[in-house]
Structure formats: C-alpha cells, structure tokens
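Down below is the structure, laid out as structure tokens.
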Amino acid sequence: MSLFKPAGTLWLLAHEIRLAWRGFRAGRAGKGPGALIGLAILFGFACLGGVMIALAVHDHDIPVNPLSVAIAGLVSLVVLTLMLSQTLSASAEALYERGDLDLLFSSPLEPRRVLLVRALGIAAGVALLFLVFVTPLLLPSVLYGHPAWAGLFGVLIALALIATALGLFLAMALFALIGPRRTRTVAQVLAAIVGAAFFLASQYRNLMGEAASESLFASIARSAYDGRLVLPPVAGLPLRAMLGEPLPLLGLLAFGIGLFWLAANALGRRFSDAAAAAQGSSTRRARGVTKPVAAFAAGAFRATVRKELRLIGRDAALLSQVLLRVLYLIPLALVLARSASKVEAAALAGGAGIVAFMAGQVAGSLAWITLSAEDTPDLLAVSPTPASVLWRAKLVAALIPVAIMLAGPVLALAWFQPLTGVLTAIGAGLSAYCCAQINVWHQKPGKRADFRRRRGASWFSALAELLVAALISGATGLAVAGLPVWALLPLIVAGALVMALRRTDDQIAKTLRMAG
Amino acid sequence: MTEALIVRGLNKTFAKPAVSDLDLTVHAGELYALLGPNGAGKTTTLRMVAGLTKPDAGEISVFGIDARQDPAGAKGLIAWAPDEAMIYDRLTPLEYLEFVAGLWSVDPAVARTRAEALLAQLGLADEARRRCEGFSRGMKQKVALAGALIHDPKLLILDEPLTGLDAAAARLVKDMLQARVEAGCTVILTTHILEVAERMADRIGIIAGGRLLAEGRLDELRARAGDGTGTLEDVFLQLTAEGAPA
C-alpha cells in the first residue's frame, strides 16, 4: 500500500511513534518503579470503581429524554473544551518546536503530510488522556450487559479529532491575525481560558451575584424537568452515539475525521510557512529602536528581580499555567468579596483558606521557575554576587506576581470585613512565602520547559509545599472563623515542618554542586 | 612583572584525570593562548580558574587574590565567556547587559553608557531592543562577549571565542581583544584555530592529557620543537604527539 512506502503517511507516523516511545523510555530511564506502581494502584482502584458501576447499572438502561440529552450534550461540550485547550496549546507549540521540523520541511515531503502526522500525534495524545481515564470505569459495564456503551470510546475519539482540527484552525488564525511573535503567548492564554471556560460557566451564579438566581446547570435541569427544554434533534446525537446507536456514532466519527482531514489538508502549506516564519519571528525590528535607554537597575538584587520578572512575563507556557490557577481563583475571590458585605466572618472561613492555599501553590510554582529553572547557572556562578543574594532576589520575584494577583480581592475583602481581610492577607502571604522558601532550600535544577512536569522532577518539595500550604490554609480558615486558638495548632505544625525543611546556604550550595 | 594568573599543582579528576599537576603563569596585560587537542583539559582548567569547577587540589591566584579562599574577590576581576553563549533568549541584549552589570555591581549609569558603546562596537546597536531568541549563533556570541566586557574585567577568559562567527565578526572580535590587551587587560583564550594564536598571542601554552607540555613565545616553542622554522601547527602537532600517552 502506498501509505506504507518510505515518505508515506504511515511511514512518517511510525517514525513519530518510535521517537515518542524512545522519548518516553528516555524520560523514565534512571527512575524507580514508584510512579508506575502508583499508577497501577490508581488504575486498580478505577477498575474496582468500574466493576461497582457495572454491577449497579447492569439492569438499567439510560433513557433518551431531554434531560439525559442535555446532560450528555453538556458533558460532550465540557470534554471538547478541555480537549480544545490541550490541542490549541499543542498546535501553537508545534509551530515553534524546532525538533526535526526543519529536516522534514527541507525534504521533498509534502507539508500537508507532515502536518497530518503532527496533528494525528496531537489528537492521539489528547484522546489517550481521556481514554486512560474513562476505560477502567466504562469497560466493565461494556463487558457486563451494555456492549453498546463502547460507543463512548468512539465519541471520545471523534471529539479528539474535532478538537484537534479546531485547535489547528485557531492557532493558524491567530498566526495570521496577530503574527508569530504574539501567537505563542496568546494561544497559551486562550488555551487556559478555554480550559477553564466550563468551570467559569458553572460559577455563573457566583460571578453574576444576585443577577442570577440559580446556577446554570440547575437552570437547565429545572427546564428539563418542567418540560420547557426543547432541543433540536441534532442535540441528541452525542447521547445516541455514546449509547452505541450506529448511525449517530458513525455520523459523529465521520464528522470528526472529515473536519480533521480538512484542517490537515487545507492548512499544510500554511503550517510550513508559519513554522518558517515562527523561527525568524524575532528578526523583526522592534519599534522605537532609537528611543533612549532606560535607567539600569542598581545592584545585583534589583537587577535579578527585574530580570526574573521579565522572564516570567515572557514565558507563554508559564503564564497560561498560572492564569489557569488564577481563573479558578476569580469566582472564589468574588464570592468572598461579595459575601463579606453581608455575611458573618465564619462563612468566609473556607474561602479565605482556599485563597491562602492557592497563593502558596502559585508562589511555589513561580519560585521553582525563578530558582531551579535558571537558564544560565554558570553566569551566576562566575559572578562575585553571593548566591544568597541571588536566591533572595529570585524569591522576591516569585512573590511579586502573587502579591499583585491577591491585592484586589484582599483589599475588597478588607473594605467590608477589615479583620477577615487582614487575616486572609497574612495567611496568603505566609503560605506564599513558605512555599517559595521551600524552593530556595530544596532547589532541583531543571528546564523551564519542564514546568508542567515539575511535580515529577521535584516531588519532595512539591509534597512539602502542598502540606505547608494546606496547614496554613487551615489555620487561616480557623482564624477567620473566629477560632484563633485552634488556628495555632496547624500553624505550629506548619512552622515545625518549615523548620525541619530549612537548609543553610552552604547545604544548598553543596546539594547544587552534587546535582551539577 | 605582575602576574594576572598563577596556577600551581592544579588537579581535577572526573571519571579519569582531566587536569594533572598543572602549573601555569599568565602575565598581566598579555594575551595568552591555551592550545590542546580535544579532551586535553583546557576547558576544565579555565572553568576551575573561573570558579565554576572545584579543583581537587592546587592553588589559583588571580592578581594576587587566592581564588579558592576569596572566590568573590577573584570573580570580581574575571570575565568568563564559554563557547556556548550564556544568555537568556527572552531578554534583549540591553536587558541582558543590565542584568550582568548588576551581578558585578557596576554603577547603573556607567553600565548603561558602556552597554550602548559595546553594542555599537559589536554591530548590535540596531538589535539592542530585540529579544535574543531569534539571533544567530554569532550574534549570541557577540552579546555574550559584550556581557563579559560590561564590568571592564582585568582578566578575560574566553573558551573558543571565534566559534560560529563569520569572517567579519571574527575580525571584529579579534580587534576588540587586541584593543583590550593594549589597554592593559589580560586575555586568556583557547582556540582550535592555530593561526589566531600564532598571530595574536603573546605567549602560548600547549596542554595535553591534563598536563602542560610547553609554554612560551612562538619562537621559543619553535626552538624547542626542532629547527625553529616550523609553523605553530607543526610545533603543536609535534609536541602533542610527543606528549601523547603511549
């Protein structure tokens, strides 16, 4: 078959799979079996859950009525947006990742074939992510009484193909509209917003306040129960496909494949042009070249803070990750600020605790970036500036964005409930400082690009951060709830933990030398 | 004569010895070329001098400062520019120079003036506000060189400074280095381009297997290697062949 011959699509696909597999093996090299055992245990629990579901639903069928159609439609939409978030980000990154792209585009291969294989890789990656999660839960039901429900696997594959096509179209549209320099950042930010879209939609009531009398989903459910929900016939397509009805399932798959094929074929040439343009994106002249040079920062501390803030602000992937966490924080902050005007402080305890927890998590992530993911450690090592000065500057640089992020909500809170505002600010500040400081004491050199996988790269400090943030978050909640004495207990435990984790500058330097 | 660098009994072993009992003296204000085949120990030696690699044994003195006892004092006088440019892709050259100047605590106003002058000298004035991510290897090398010079070092250590530079850029860098030496700066460089060492260096050290095989002016090395008429390439090949482990 022509597809299998050298330079054919399947040949290229086999090459990509081999590289991906070797990349996975190389990534696992030298690591113990701990992560695999953990995954196997999780998988076992999921299978157990799947068996229990299968036993419970063995004699039941899912009715096709407006409510189930609406739920299936909404779930499909949620999954599609989550997938789109992944595929948009991956499509934009595919333009900038050099890898073997130059080799492929310099060969006689058709650009559309290269894009097709890259897009297949993106679709397979996102489909696999959901299939791994769904399979152990669904497969027992498929094997025990409901074989037609295997249609859900087909729906997930169709959604992955649709999401990939949409991601490609969106990435290329962004490239055409705003140019190569901004596309990477905007695509990552957009991906974060798309990923959080349904969470924000589910927080409709919290965001809109009294303007919305009930949540979006509750409103849909009520309409369905009351018989007021009239849906077009096409709305039933996802549910029928999930339940294994051949025509809807084939229709959905055909639509997914068609859209995917259209995107890969239509965008092939544009993709190669865009990838070439992305490589030279910064060769464009910056505007205002002749304007006077701004004042330089005085001293190593200020220069380092300024440099780290610049690098944080210019890291598209990092921005999207932090933005995602902030997006999840917005509804909570709004609820806190709104409730503060009329509710007893005790009702705000949970929210204040979560704000403190999130502050710690974001600060920890940023501190890992500034401290462990230093691009040129040798430059810092040859300078006469003491390492401790540089570490302090990097810690401050990690805390500044968190302070800016929390300033608005905390000030709003303090306006209505001064004591609650002060306690939340103290809790969030303490949590952020401790989590960032743990990253100073337990630096583990890594690459900026590994940010998303940093939990795996430095599990010890990640676990320590999590524990300390949770304890301080608990203390903040208890203090806001008017139980200051009880708040001391988790605070003391957190303090003891932080003291146990403390390291001297010499110990840190010694560990870093050993790591190097 | 003031000595810019004195190295005595320097040793470093990784899986096998990289530098063995190395003695080296570089006079202030001279351009010293350290030559050697791949894996000879040149970079390891220079990294130890720059404070990047801890020696197993030995002494390093930079303008009289014991670099092992007072590393910050020694580092304040040194600039280190490796073959792989130590720059940040997401910073512009100006922002990079601001950061490096900060690390060496250069007065901000002085640093700003120097940064503009260096970028202009290196032909990077028009690129001063563009991020380095799209720069060619040669341009990145030039930015790194500007970074090495921003604090006006007394001892400039360059590992393969001409790698990746085109003819015009290489000439520019060589002229800059000569000008620095004339102004009193001491330069130590490694290079595989023997003609560069032949033309530019006041003295040359030849290293192989972590040991210094020979050191001196070109005519001294020629005399030592044979009839005194050969090129540096002839001398280098003869000495490294003699010094190579059996």
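Just so we're on the same page: first chain in the structure tokens is A, next is B, and so on; residues restart at 1 for each chain, and ligands are numbered from 1 in the order they show up.
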
Could you build a table of the residues in segment 109-161 of chain B lying no more than 7 Å from segment 62-77 of chain B, giving for each the nearest pair of atoms and their separation in Å rounded to one decimal place, using only C-alpha atoms, ordered by chain and ascending residue number, as JSON lines?
{"residue": "B:Pro153", "atom": "CA", "partner": "B:Leu77", "partner_atom": "CA", "distance": 5.2}
{"residue": "B:Lys154", "atom": "CA", "partner": "B:Leu77", "partner_atom": "CA", "distance": 5.3}
{"residue": "B:Leu155", "atom": "CA", "partner": "B:Leu77", "partner_atom": "CA", "distance": 6.1}

Limited to C-alpha atoms, could you put the picked residues into a file as an mmCIF file, in the first residue's frame?
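Output (again.cif):
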data_model
loop_
_atom_site.group_PDB
_atom_site.id
_atom_site.type_symbol
_atom_site.label_atom_id
_atom_site.label_comp_id
_atom_site.auth_asym_id
_atom_site.auth_seq_id
_atom_site.Cartn_x
_atom_site.Cartn_y
_atom_site.Cartn_z
ATOM 1 C CA PRO B 153 37.379 42.863 33.704
ATOM 2 C CA LYS B 154 41.107 42.723 34.387
ATOM 3 C CA LEU B 155 41.265 39.091 33.302
#

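By chain and then residue number, the residues within 10 Å of Gly154 of chain A are Trp149, Ala150, Ala158, Leu159, Ala160, Ala241, Met242, Gly244, Leu249, Leu250, Leu252 and Leu253 of chain A, counting only C-alpha atoms and disregarding those fewer than 4 positions away in sequence.
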
Written file, previous selection with C-alpha atoms, as a PDB file, in the first residue's frame:
ATOM      1  CA  TRP A 149     -21.842   1.737  25.538  1.00  0.00           C
ATOM      2  CA  ALA A 150     -18.491   1.149  23.834  1.00  0.00           C
ATOM      3  CA  ALA A 158     -14.390  11.881  17.408  1.00  0.00           C
ATOM      4  CA  LEU A 159     -14.180  14.719  19.950  1.00  0.00           C
ATOM      5  CA  ALA A 160     -10.375  14.488  19.963  1.00  0.00           C
ATOM      6  CA  ALA A 241     -23.592   7.887  19.796  1.00  0.00           C
ATOM      7  CA  MET A 242     -22.485   7.186  23.361  1.00  0.00           C
ATOM      8  CA  GLY A 244     -23.819   2.867  20.575  1.00  0.00           C
ATOM      9  CA  LEU A 249     -21.845   7.174  16.148  1.00  0.00           C
ATOM     10  CA  LEU A 250     -20.716   6.810  12.550  1.00  0.00           C
ATOM     11  CA  LEU A 252     -20.058  11.804  14.659  1.00  0.00           C
ATOM     12  CA  LEU A 253     -16.899   9.888  13.719  1.00  0.00           C
TER      13      LEU A 253
END

Item to complete: Among the residues of segment 21-69 of chain B, find those DSSP assigns to strand (DSSP E or B) from the backbone and print them as a VMD selection string.
Response: chain B and resid 21 to 27 31 to 35 57 to 62 65 to 66

Closest pair table for chain B residues within 8 Å of chain A, only C-alpha atoms, as JSON lines:
{"residue": "B:Ala50", "atom": "CA", "partner": "A:Val382", "partner_atom": "CA", "distance": 6.0}
{"residue": "B:Gly51", "atom": "CA", "partner": "A:Val382", "partner_atom": "CA", "distance": 6.1}
{"residue": "B:Leu52", "atom": "CA", "partner": "A:Ala381", "partner_atom": "CA", "distance": 6.3}
{"residue": "B:Pro71", "atom": "CA", "partner": "A:Pro384", "partner_atom": "CA", "distance": 7.4}
{"residue": "B:Ala72", "atom": "CA", "partner": "A:Pro384", "partner_atom": "CA", "distance": 4.3}
{"residue": "B:Gly73", "atom": "CA", "partner": "A:Pro384", "partner_atom": "CA", "distance": 6.8}
{"residue": "B:Ala74", "atom": "CA", "partner": "A:Pro384", "partner_atom": "CA", "distance": 7.8}
{"residue": "B:Lys75", "atom": "CA", "partner": "A:Pro384", "partner_atom": "CA", "distance": 5.1}
{"residue": "B:Gly76", "atom": "CA", "partner": "A:Pro384", "partner_atom": "CA", "distance": 5.2}
{"residue": "B:Ala79", "atom": "CA", "partner": "A:Val382", "partner_atom": "CA", "distance": 7.7}
{"residue": "B:Trp80", "atom": "CA", "partner": "A:Val382", "partner_atom": "CA", "distance": 7.1}
{"residue": "B:Met86", "atom": "CA", "partner": "A:Thr376", "partner_atom": "CA", "distance": 5.6}
{"residue": "B:Ile87", "atom": "CA", "partner": "A:Thr376", "partner_atom": "CA", "distance": 6.7}
{"residue": "B:Tyr88", "atom": "CA", "partner": "A:Asp375", "partner_atom": "CA", "distance": 6.6}
{"residue": "B:Arg90", "atom": "CA", "partner": "A:Leu311", "partner_atom": "CA", "distance": 6.4}
{"residue": "B:Leu91", "atom": "CA", "partner": "A:Leu311", "partner_atom": "CA", "distance": 7.2}
{"residue": "B:Glu95", "atom": "CA", "partner": "A:Lys307", "partner_atom": "CA", "distance": 7.5}
{"residue": "B:Tyr96", "atom": "CA", "partner": "A:Lys307", "partner_atom": "CA", "distance": 8.0}
{"residue": "B:Glu98", "atom": "CA", "partner": "A:Phe296", "partner_atom": "CA", "distance": 5.6}
{"residue": "B:Phe99", "atom": "CA", "partner": "A:Ala303", "partner_atom": "CA", "distance": 5.0}
{"residue": "B:Ala101", "atom": "CA", "partner": "A:Ala300", "partner_atom": "CA", "distance": 7.9}
{"residue": "B:Gly102", "atom": "CA", "partner": "A:Ala300", "partner_atom": "CA", "distance": 4.2}
{"residue": "B:Leu103", "atom": "CA", "partner": "A:Ala300", "partner_atom": "CA", "distance": 4.4}
{"residue": "B:Trp104", "atom": "CA", "partner": "A:Ser383", "partner_atom": "CA", "distance": 6.3}
{"residue": "B:Ser105", "atom": "CA", "partner": "A:Gly299", "partner_atom": "CA", "distance": 4.9}
{"residue": "B:Val106", "atom": "CA", "partner": "A:Gly299", "partner_atom": "CA", "distance": 7.2}
{"residue": "B:Asp107", "atom": "CA", "partner": "A:Ala298", "partner_atom": "CA", "distance": 6.7}
{"residue": "B:Pro108", "atom": "CA", "partner": "A:Phe296", "partner_atom": "CA", "distance": 5.0}
{"residue": "B:Ala109", "atom": "CA", "partner": "A:Phe296", "partner_atom": "CA", "distance": 6.9}
{"residue": "B:Ala111", "atom": "CA", "partner": "A:Phe296", "partner_atom": "CA", "distance": 7.4}
{"residue": "B:Arg112", "atom": "CA", "partner": "A:Phe296", "partner_atom": "CA", "distance": 6.2}
{"residue": "B:Asp126", "atom": "CA", "partner": "A:Val289", "partner_atom": "CA", "distance": 6.6}
{"residue": "B:Glu127", "atom": "CA", "partner": "A:Arg285", "partner_atom": "CA", "distance": 7.6}
{"residue": "B:Ala128", "atom": "CA", "partner": "A:Val289", "partner_atom": "CA", "distance": 7.6}
{"residue": "B:Arg129", "atom": "CA", "partner": "A:Ala286", "partner_atom": "CA", "distance": 6.4}
{"residue": "B:Arg130", "atom": "CA", "partner": "A:Ala286", "partner_atom": "CA", "distance": 5.8}
{"residue": "B:Arg131", "atom": "CA", "partner": "A:Ser282", "partner_atom": "CA", "distance": 6.6}
{"residue": "B:Cys132", "atom": "CA", "partner": "A:Ser282", "partner_atom": "CA", "distance": 7.8}
{"residue": "B:Glu133", "atom": "CA", "partner": "A:Ser282", "partner_atom": "CA", "distance": 6.8}
{"residue": "B:Gly134", "atom": "CA", "partner": "A:Ser282", "partner_atom": "CA", "distance": 4.9}
{"residue": "B:Phe135", "atom": "CA", "partner": "A:Thr283", "partner_atom": "CA", "distance": 7.3}

Dump as a short mmCIF file (atom, residue, chain, number, x, y, z; two decimals), in the first residue's frame, selection limited to C-alpha atoms:
data_model
loop_
_atom_site.label_atom_id
_atom_site.label_comp_id
_atom_site.auth_asym_id
_atom_site.auth_seq_id
_atom_site.Cartn_x
_atom_site.Cartn_y
_atom_site.Cartn_z
CA ALA B 50 36.59 30.99 36.74
CA GLY B 51 35.26 29.30 39.88
CA LEU B 52 32.82 27.04 38.07
CA PRO B 71 36.27 33.44 45.28
CA ALA B 72 34.12 36.59 45.19
CA GLY B 73 37.22 38.80 45.17
CA ALA B 74 38.73 36.87 42.28
CA LYS B 75 35.47 36.68 40.35
CA GLY B 76 35.12 40.43 40.57
CA ALA B 79 35.05 37.60 32.96
CA TRP B 80 34.29 34.15 31.56
CA MET B 86 25.43 32.22 28.43
CA ILE B 87 22.49 34.41 27.52
CA TYR B 88 18.72 34.47 28.04
CA ARG B 90 13.82 36.04 26.23
CA LEU B 91 15.85 39.09 27.19
CA GLU B 95 18.29 43.87 29.34
CA TYR B 96 20.93 41.14 29.44
CA GLU B 98 21.72 45.42 32.62
CA PHE B 99 21.47 42.11 34.48
CA ALA B 101 26.21 44.69 35.13
CA GLY B 102 24.04 44.25 38.21
CA LEU B 103 25.75 40.96 39.05
CA TRP B 104 29.13 42.72 39.06
CA SER B 105 27.66 45.77 40.87
CA VAL B 106 28.64 48.20 38.12
CA ASP B 107 27.25 51.69 38.64
CA PRO B 108 23.97 51.79 36.64
CA ALA B 109 24.79 55.00 34.78
CA ALA B 111 26.84 50.36 32.82
CA ARG B 112 24.23 51.97 30.60
CA ASP B 126 20.04 48.01 15.92
CA GLU B 127 19.33 44.75 17.73
CA ALA B 128 19.64 46.22 21.23
CA ARG B 129 15.90 46.00 21.92
CA ARG B 130 15.14 42.72 20.20
CA ARG B 131 14.95 39.52 22.18
CA CYS B 132 17.91 37.24 21.64
CA GLU B 133 15.73 34.21 20.78
CA GLY B 134 15.93 34.83 17.03
CA PHE B 135 19.63 35.66 16.96
#

Worksheet item: So which residues touch Arg224 of chain B within 9 Å, counting only C-alpha atoms, skipping near sequence neighbours fewer than 4 positions away, as a ChimeraX atom specification?
Response: /B:214,219-220,228,235

Write the residues of the preceding selection, restricted to N, CA and C atoms, as a short mmCIF file (atom, residue, chain, number, x, y, z; two decimals), in the first residue's frame.
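Resulting contents of out.cif:
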data_model
loop_
_atom_site.label_atom_id
_atom_site.label_comp_id
_atom_site.auth_asym_id
_atom_site.auth_seq_id
_atom_site.Cartn_x
_atom_site.Cartn_y
_atom_site.Cartn_z
N ALA B 214 54.23 22.47 27.00
CA ALA B 214 55.19 23.51 26.67
C ALA B 214 54.53 24.86 26.84
N ASP B 219 58.48 31.83 19.08
CA ASP B 219 59.85 31.46 18.68
C ASP B 219 60.48 30.48 19.67
N GLU B 220 60.12 30.64 20.93
CA GLU B 220 60.64 29.71 21.94
C GLU B 220 60.09 28.29 21.70
N GLY B 228 63.28 25.45 14.51
CA GLY B 228 62.89 26.84 14.73
C GLY B 228 62.28 27.52 13.53
N VAL B 235 54.62 22.77 15.21
CA VAL B 235 55.07 22.69 16.60
C VAL B 235 54.02 21.97 17.44
#

Worksheet item: If we count only C-alpha atoms, what is near Ala274 of chain A at a cut-off of 12 Å, once residues fewer than 6 positions away on the same chain are taken out, given as a PyMOL selection string?
Response: chain A and resi 91-97+101+105+111+115+168+171-177+179-181+183-184+267-268+280-281

Please provide the set of residues having any atom within 9 Å of Leu88 of chain A, restricted to only C-alpha atoms, with same-chain residues fewer than 3 positions apart removed, written as a PDB file with N, CA, C and O atoms, in the first residue's frame.
ATOM      1  N   MET A  83     -10.434  19.378  25.763  1.00  0.00           N
ATOM      2  CA  MET A  83      -9.552  18.871  24.702  1.00  0.00           C
ATOM      3  C   MET A  83      -9.034  20.023  23.852  1.00  0.00           C
ATOM      4  O   MET A  83      -7.857  20.058  23.481  1.00  0.00           O
ATOM      5  N   LEU A  84      -9.923  20.970  23.557  1.00  0.00           N
ATOM      6  CA  LEU A  84      -9.524  22.109  22.714  1.00  0.00           C
ATOM      7  C   LEU A  84      -8.412  22.908  23.394  1.00  0.00           C
ATOM      8  O   LEU A  84      -7.485  23.394  22.739  1.00  0.00           O
ATOM      9  N   SER A  85      -8.519  23.031  24.710  1.00  0.00           N
ATOM     10  CA  SER A  85      -7.481  23.731  25.458  1.00  0.00           C
ATOM     11  C   SER A  85      -6.119  23.076  25.213  1.00  0.00           C
ATOM     12  O   SER A  85      -5.113  23.752  24.990  1.00  0.00           O
ATOM     13  N   SER A  91      -1.008  22.797  19.179  1.00  0.00           N
ATOM     14  CA  SER A  91      -0.903  23.237  17.783  1.00  0.00           C
ATOM     15  C   SER A  91       0.008  24.453  17.676  1.00  0.00           C
ATOM     16  O   SER A  91       0.824  24.552  16.757  1.00  0.00           O
ATOM     17  N   ALA A  92      -0.154  25.383  18.622  1.00  0.00           N
ATOM     18  CA  ALA A  92       0.702  26.578  18.591  1.00  0.00           C
ATOM     19  C   ALA A  92       2.145  26.189  18.857  1.00  0.00           C
ATOM     20  O   ALA A  92       3.059  26.665  18.182  1.00  0.00           O
ATOM     21  N   GLU A  93       2.338  25.295  19.825  1.00  0.00           N
ATOM     22  CA  GLU A  93       3.712  24.881  20.145  1.00  0.00           C
ATOM     23  C   GLU A  93       4.368  24.163  18.974  1.00  0.00           C
ATOM     24  O   GLU A  93       5.569  24.271  18.768  1.00  0.00           O
ATOM     25  N   ALA A 163     -11.533  18.464  18.186  1.00  0.00           N
ATOM     26  CA  ALA A 163     -10.757  19.438  18.979  1.00  0.00           C
ATOM     27  C   ALA A 163      -9.418  19.739  18.310  1.00  0.00           C
ATOM     28  O   ALA A 163      -8.962  20.887  18.311  1.00  0.00           O
ATOM     29  N   THR A 164      -8.800  18.716  17.732  1.00  0.00           N
ATOM     30  CA  THR A 164      -7.514  18.943  17.064  1.00  0.00           C
ATOM     31  C   THR A 164      -7.690  19.851  15.850  1.00  0.00           C
ATOM     32  O   THR A 164      -6.908  20.782  15.632  1.00  0.00           O
ATOM     33  N   LEU A 166     -10.096  22.028  15.331  1.00  0.00           N
ATOM     34  CA  LEU A 166     -10.400  23.386  15.806  1.00  0.00           C
ATOM     35  C   LEU A 166      -9.138  24.060  16.357  1.00  0.00           C
ATOM     36  O   LEU A 166      -8.910  25.248  16.125  1.00  0.00           O
ATOM     37  N   GLY A 167      -8.331  23.302  17.078  1.00  0.00           N
ATOM     38  CA  GLY A 167      -7.087  23.833  17.629  1.00  0.00           C
ATOM     39  C   GLY A 167      -6.159  24.314  16.521  1.00  0.00           C
ATOM     40  O   GLY A 167      -5.571  25.389  16.620  1.00  0.00           O
ATOM     41  N   LEU A 168      -6.059  23.516  15.451  1.00  0.00           N
ATOM     42  CA  LEU A 168      -5.205  23.895  14.321  1.00  0.00           C
ATOM     43  C   LEU A 168      -5.729  25.155  13.640  1.00  0.00           C
ATOM     44  O   LEU A 168      -4.975  26.088  13.356  1.00  0.00           O
ATOM     45  N   PHE A 169      -7.053  25.171  13.377  1.00  0.00           N
ATOM     46  CA  PHE A 169      -7.650  26.347  12.731  1.00  0.00           C
ATOM     47  C   PHE A 169      -7.423  27.594  13.585  1.00  0.00           C
ATOM     48  O   PHE A 169      -7.050  28.650  13.081  1.00  0.00           O
ATOM     49  N   LEU A 170      -7.650  27.454  14.891  1.00  0.00           N
ATOM     50  CA  LEU A 170      -7.496  28.606  15.789  1.00  0.00           C
ATOM     51  C   LEU A 170      -6.048  29.091  15.830  1.00  0.00           C
ATOM     52  O   LEU A 170      -5.782  30.299  15.749  1.00  0.00           O
ATOM     53  N   ALA A 171      -5.118  28.149  15.942  1.00  0.00           N
ATOM     54  CA  ALA A 171      -3.694  28.525  16.013  1.00  0.00           C
ATOM     55  C   ALA A 171      -3.268  29.236  14.733  1.00  0.00           C
ATOM     56  O   ALA A 171      -2.579  30.260  14.785  1.00  0.00           O
ATOM     57  N   ALA A 187      -2.031  32.137  22.294  1.00  0.00           N
ATOM     58  CA  ALA A 187      -2.602  30.790  22.182  1.00  0.00           C
ATOM     59  C   ALA A 187      -2.585  30.091  23.536  1.00  0.00           C
ATOM     60  O   ALA A 187      -3.552  29.422  23.914  1.00  0.00           O
ATOM     61  N   GLN A 188      -1.498  30.263  24.280  1.00  0.00           N
ATOM     62  CA  GLN A 188      -1.417  29.614  25.599  1.00  0.00           C
ATOM     63  C   GLN A 188      -2.452  30.209  26.554  1.00  0.00           C
ATOM     64  O   GLN A 188      -3.095  29.491  27.311  1.00  0.00           O
ATOM     65  N   LEU A 190      -5.229  31.777  25.685  1.00  0.00           N
ATOM     66  CA  LEU A 190      -6.547  31.364  25.195  1.00  0.00           C
ATOM     67  C   LEU A 190      -6.837  29.925  25.604  1.00  0.00           C
ATOM     68  O   LEU A 190      -7.962  29.592  26.004  1.00  0.00           O
ATOM     69  N   ALA A 191      -5.824  29.076  25.508  1.00  0.00           N
ATOM     70  CA  ALA A 191      -5.996  27.671  25.888  1.00  0.00           C
ATOM     71  C   ALA A 191      -6.382  27.566  27.362  1.00  0.00           C
ATOM     72  O   ALA A 191      -7.248  26.767  27.732  1.00  0.00           O
TER      73      ALA A 191
END

Item to complete: Could you pull out the residues in segment 14-159 of chain B that DSSP calls alpha helix (DSSP H) from the backbone, as a VMD selection string?
Response: chain B and resid 42 to 50 71 to 75 93 to 103 108 to 121 137 to 149

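Counting only C-alpha atoms, the residue from A:Ala14, A:Leu243, A:Ile220, A:Ile438 that sits nearest to Phe153 of chain A is A:Leu243.
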
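For the residues B:Leu172, B:Met48, B:Ala144, B:Ala208, ranking by smallest atom-to-atom distance to Gly123 of chain B using only C-alpha atoms places B:Leu172 first.
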
Worksheet entry | Surrounding residues of Thr45 of chain B excluding itself and chain neighbours under 4 positions, 10 Å, only C-alpha atoms, as a ChimeraX atom specification | /B:7,10-12,18-20,22,24,34,40-41,49-50,52-53,55,210

With N, CA and C atoms retained, write the just-selected residues as a compact mmCIF listing (two decimals), in the first residue's frame.
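Below is the file again_24.txt, written as the result:
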# COMPACT_ATOMS: atom_id res chain seq x y z
N VAL B 7 48.76 29.50 38.53
CA VAL B 7 48.13 28.22 38.86
C VAL B 7 49.25 27.27 39.26
N LEU B 10 47.55 22.18 40.00
CA LEU B 10 46.09 22.04 39.84
C LEU B 10 45.74 20.61 39.41
N ASN B 11 44.77 20.04 40.09
CA ASN B 11 44.34 18.68 39.78
C ASN B 11 42.83 18.59 39.74
N LYS B 12 42.33 17.83 38.78
CA LYS B 12 40.89 17.55 38.75
C LYS B 12 40.67 16.20 38.08
N ALA B 18 41.40 14.73 34.54
CA ALA B 18 41.19 15.72 33.47
C ALA B 18 42.32 16.74 33.47
N VAL B 19 42.79 17.08 34.67
CA VAL B 19 43.92 18.02 34.81
C VAL B 19 44.85 17.44 35.88
N SER B 20 46.15 17.36 35.55
CA SER B 20 47.10 16.73 36.49
C SER B 20 48.28 17.66 36.76
N LEU B 22 48.92 20.74 37.14
CA LEU B 22 49.12 21.79 36.13
C LEU B 22 49.68 23.06 36.77
N LEU B 24 50.75 27.02 35.72
CA LEU B 24 50.52 27.98 34.62
C LEU B 24 50.74 29.38 35.18
N LEU B 34 45.79 29.18 25.11
CA LEU B 34 45.94 27.83 25.65
C LEU B 34 45.47 26.85 24.57
N ALA B 40 41.86 17.74 26.13
CA ALA B 40 43.19 17.95 26.73
C ALA B 40 43.09 18.50 28.16
N GLY B 41 41.95 19.09 28.51
CA GLY B 41 41.79 19.67 29.85
C GLY B 41 41.77 21.19 29.84
N VAL B 49 39.56 28.04 37.04
CA VAL B 49 40.02 29.42 37.27
C VAL B 49 38.83 30.35 37.46
N ALA B 50 37.77 30.12 36.67
CA ALA B 50 36.59 30.99 36.74
C ALA B 50 35.72 30.69 37.96
N LEU B 52 33.99 27.85 38.43
CA LEU B 52 32.82 27.04 38.07
C LEU B 52 33.00 25.57 38.44
N THR B 53 34.24 25.13 38.51
CA THR B 53 34.52 23.74 38.88
C THR B 53 35.50 23.76 40.04
N PRO B 55 38.46 22.55 42.14
CA PRO B 55 39.63 21.68 41.94
C PRO B 55 39.74 20.64 43.06
N GLY B 210 45.80 16.76 30.27
CA GLY B 210 45.72 17.47 31.55
C GLY B 210 47.05 18.02 32.02

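Look at segment 487-498 of chain A: the protein and nucleic acid residues within 6 Å of it, using only C-alpha atoms and passing over chain neighbours fewer than 3 places away, are Val468, Leu471, Ile472, Ala475, Leu478, Ala479, Pro484 and Leu501 of chain A.
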
Worksheet item: At what distance in Å, to one decimal, does atom CA of Gly205 of chain B lie from atom CA of Glu233 of chain B?
Response: 13.2 Å

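Atom pair atom CA of Phe255 of chain A / atom CA of Leu137 of chain A has a distance of 26.4 Å (rounded to one decimal).
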